[in-house]
Amino acid sequence: MNDVFEKKVRAAAVADWWVVLIGYALLVITWLVYLAIVYAQPAWLLTMWGQGDVSWAFMQTVSLWFLGVFRLVLWLLFLAALWLTLWARQLRKSDQLGSR
């Protein structure tokens with residue numbers, strides 16, 4: 001019974017590590033696109049946000065808040081993946097000690 005549970009916890013940890021890896025890759029890509037857009041300041045972007053109602057300062061503030069919150073969520077996912085990994089390792093150790 002403990003072996004099956006340990007495999008499920010390990011599978012959850014592996015899945016979480018993949019989510020963290022893909023999330024940080026997406027964060028880096030988003031950051032690079034953000035830097036390119038802020039440098040170029042295309043007029044079509046302000047039109048998409050609402051022409052006349054939005055300034056570049058507002059767009060930058062909202063974008064940075066979004067990236068910051070996304071980074072915080074990724075940090076929490078990282079901590080969950082670390083906890084699941086350590087828990088799976090502890091379950092494997094206790095299963096090995098119990099089978100002796």
# chains A, B, ... in the order shown; residues from 1 in each chain; ligands from 1
$ residues_around --residues "region 36-49 of chain A" --least-positions-apart "4" --cutoff "8 Å" --atoms "only C-alpha atoms" --output "compact mmCIF listing (two decimals) with N, CA and C atoms, in the first residue's frame"
# COMPACT_ATOMS: atom_id res chain seq x y z
N LEU A 32 11.33 38.72 -22.16
CA LEU A 32 12.06 39.20 -23.34
C LEU A 32 11.13 39.93 -24.31
N VAL A 54 -5.12 54.71 -22.06
CA VAL A 54 -3.99 54.03 -21.44
C VAL A 54 -2.68 54.73 -21.84
N SER A 55 -1.81 54.88 -20.85
CA SER A 55 -0.49 55.44 -21.13
C SER A 55 0.54 54.32 -21.06
N TRP A 56 1.74 54.62 -21.52
CA TRP A 56 2.81 53.62 -21.46
C TRP A 56 3.18 53.31 -20.02
N MET A 59 0.60 50.83 -18.72
CA MET A 59 0.80 49.51 -19.34
C MET A 59 2.01 48.81 -18.72
N GLN A 60 3.07 49.56 -18.49
CA GLN A 60 4.26 48.97 -17.87
C GLN A 60 3.98 48.53 -16.44
$ residues_around --residues "Lys8 (chain A)" --least-positions-apart "6" --cutoff "10 Å" --atoms "only C-alpha atoms" --output "PyMOL selection string"
chain A and resi 2+14+88
$ atom_distance --atom1 "CA of Leu35 (chain A)" --atom2 "CA of Arg71 (chain A)"
16.4 Å
$ residues_around --residues "region 22-29 of chain A" --least-positions-apart "4" --cutoff "7 Å" --atoms "only C-alpha atoms" --output "tab-separated table (two decimals) with N, CA, C and O atoms, in the first residue's frame"
chain	number	residue	atom	x	y	z
A	18	TRP	N	7.92	19.60	-13.86
A	18	TRP	CA	7.74	19.97	-15.26
A	18	TRP	C	6.95	21.27	-15.39
A	18	TRP	O	7.25	22.11	-16.24
A	33	VAL	N	9.92	39.42	-24.49
A	33	VAL	CA	8.94	40.10	-25.34
A	33	VAL	C	8.55	41.44	-24.72
A	33	VAL	O	8.44	42.46	-25.42
A	74	LEU	N	4.88	30.82	-9.42
A	74	LEU	CA	5.89	29.83	-9.76
A	74	LEU	C	6.76	29.48	-8.56
A	74	LEU	O	7.17	28.33	-8.39
$ residues_around --residues "Leu91 (chain A)" --least-positions-apart "5" --cutoff "9 Å" --atoms "only C-alpha atoms" --output "list in words"
Asn2, Asp3, Phe5, Glu6, Val9, Leu86 and Gln96 of chain A
$ atom_distance --atom1 "CA of Phe78 (chain A)" --atom2 "CA of Leu64 (chain A)"
20.7 Å
$ atom_distance --atom1 "CA of Lys93 (chain A)" --atom2 "CA of Val20 (chain A)"
25.7 Å
$ residues_around --residues "Ala13 (chain A)" --least-positions-apart "2" --cutoff "7 Å" --atoms "only C-alpha atoms" --output "PyMOL selection string"
chain A and resi 9-11+15-17+81+84-85
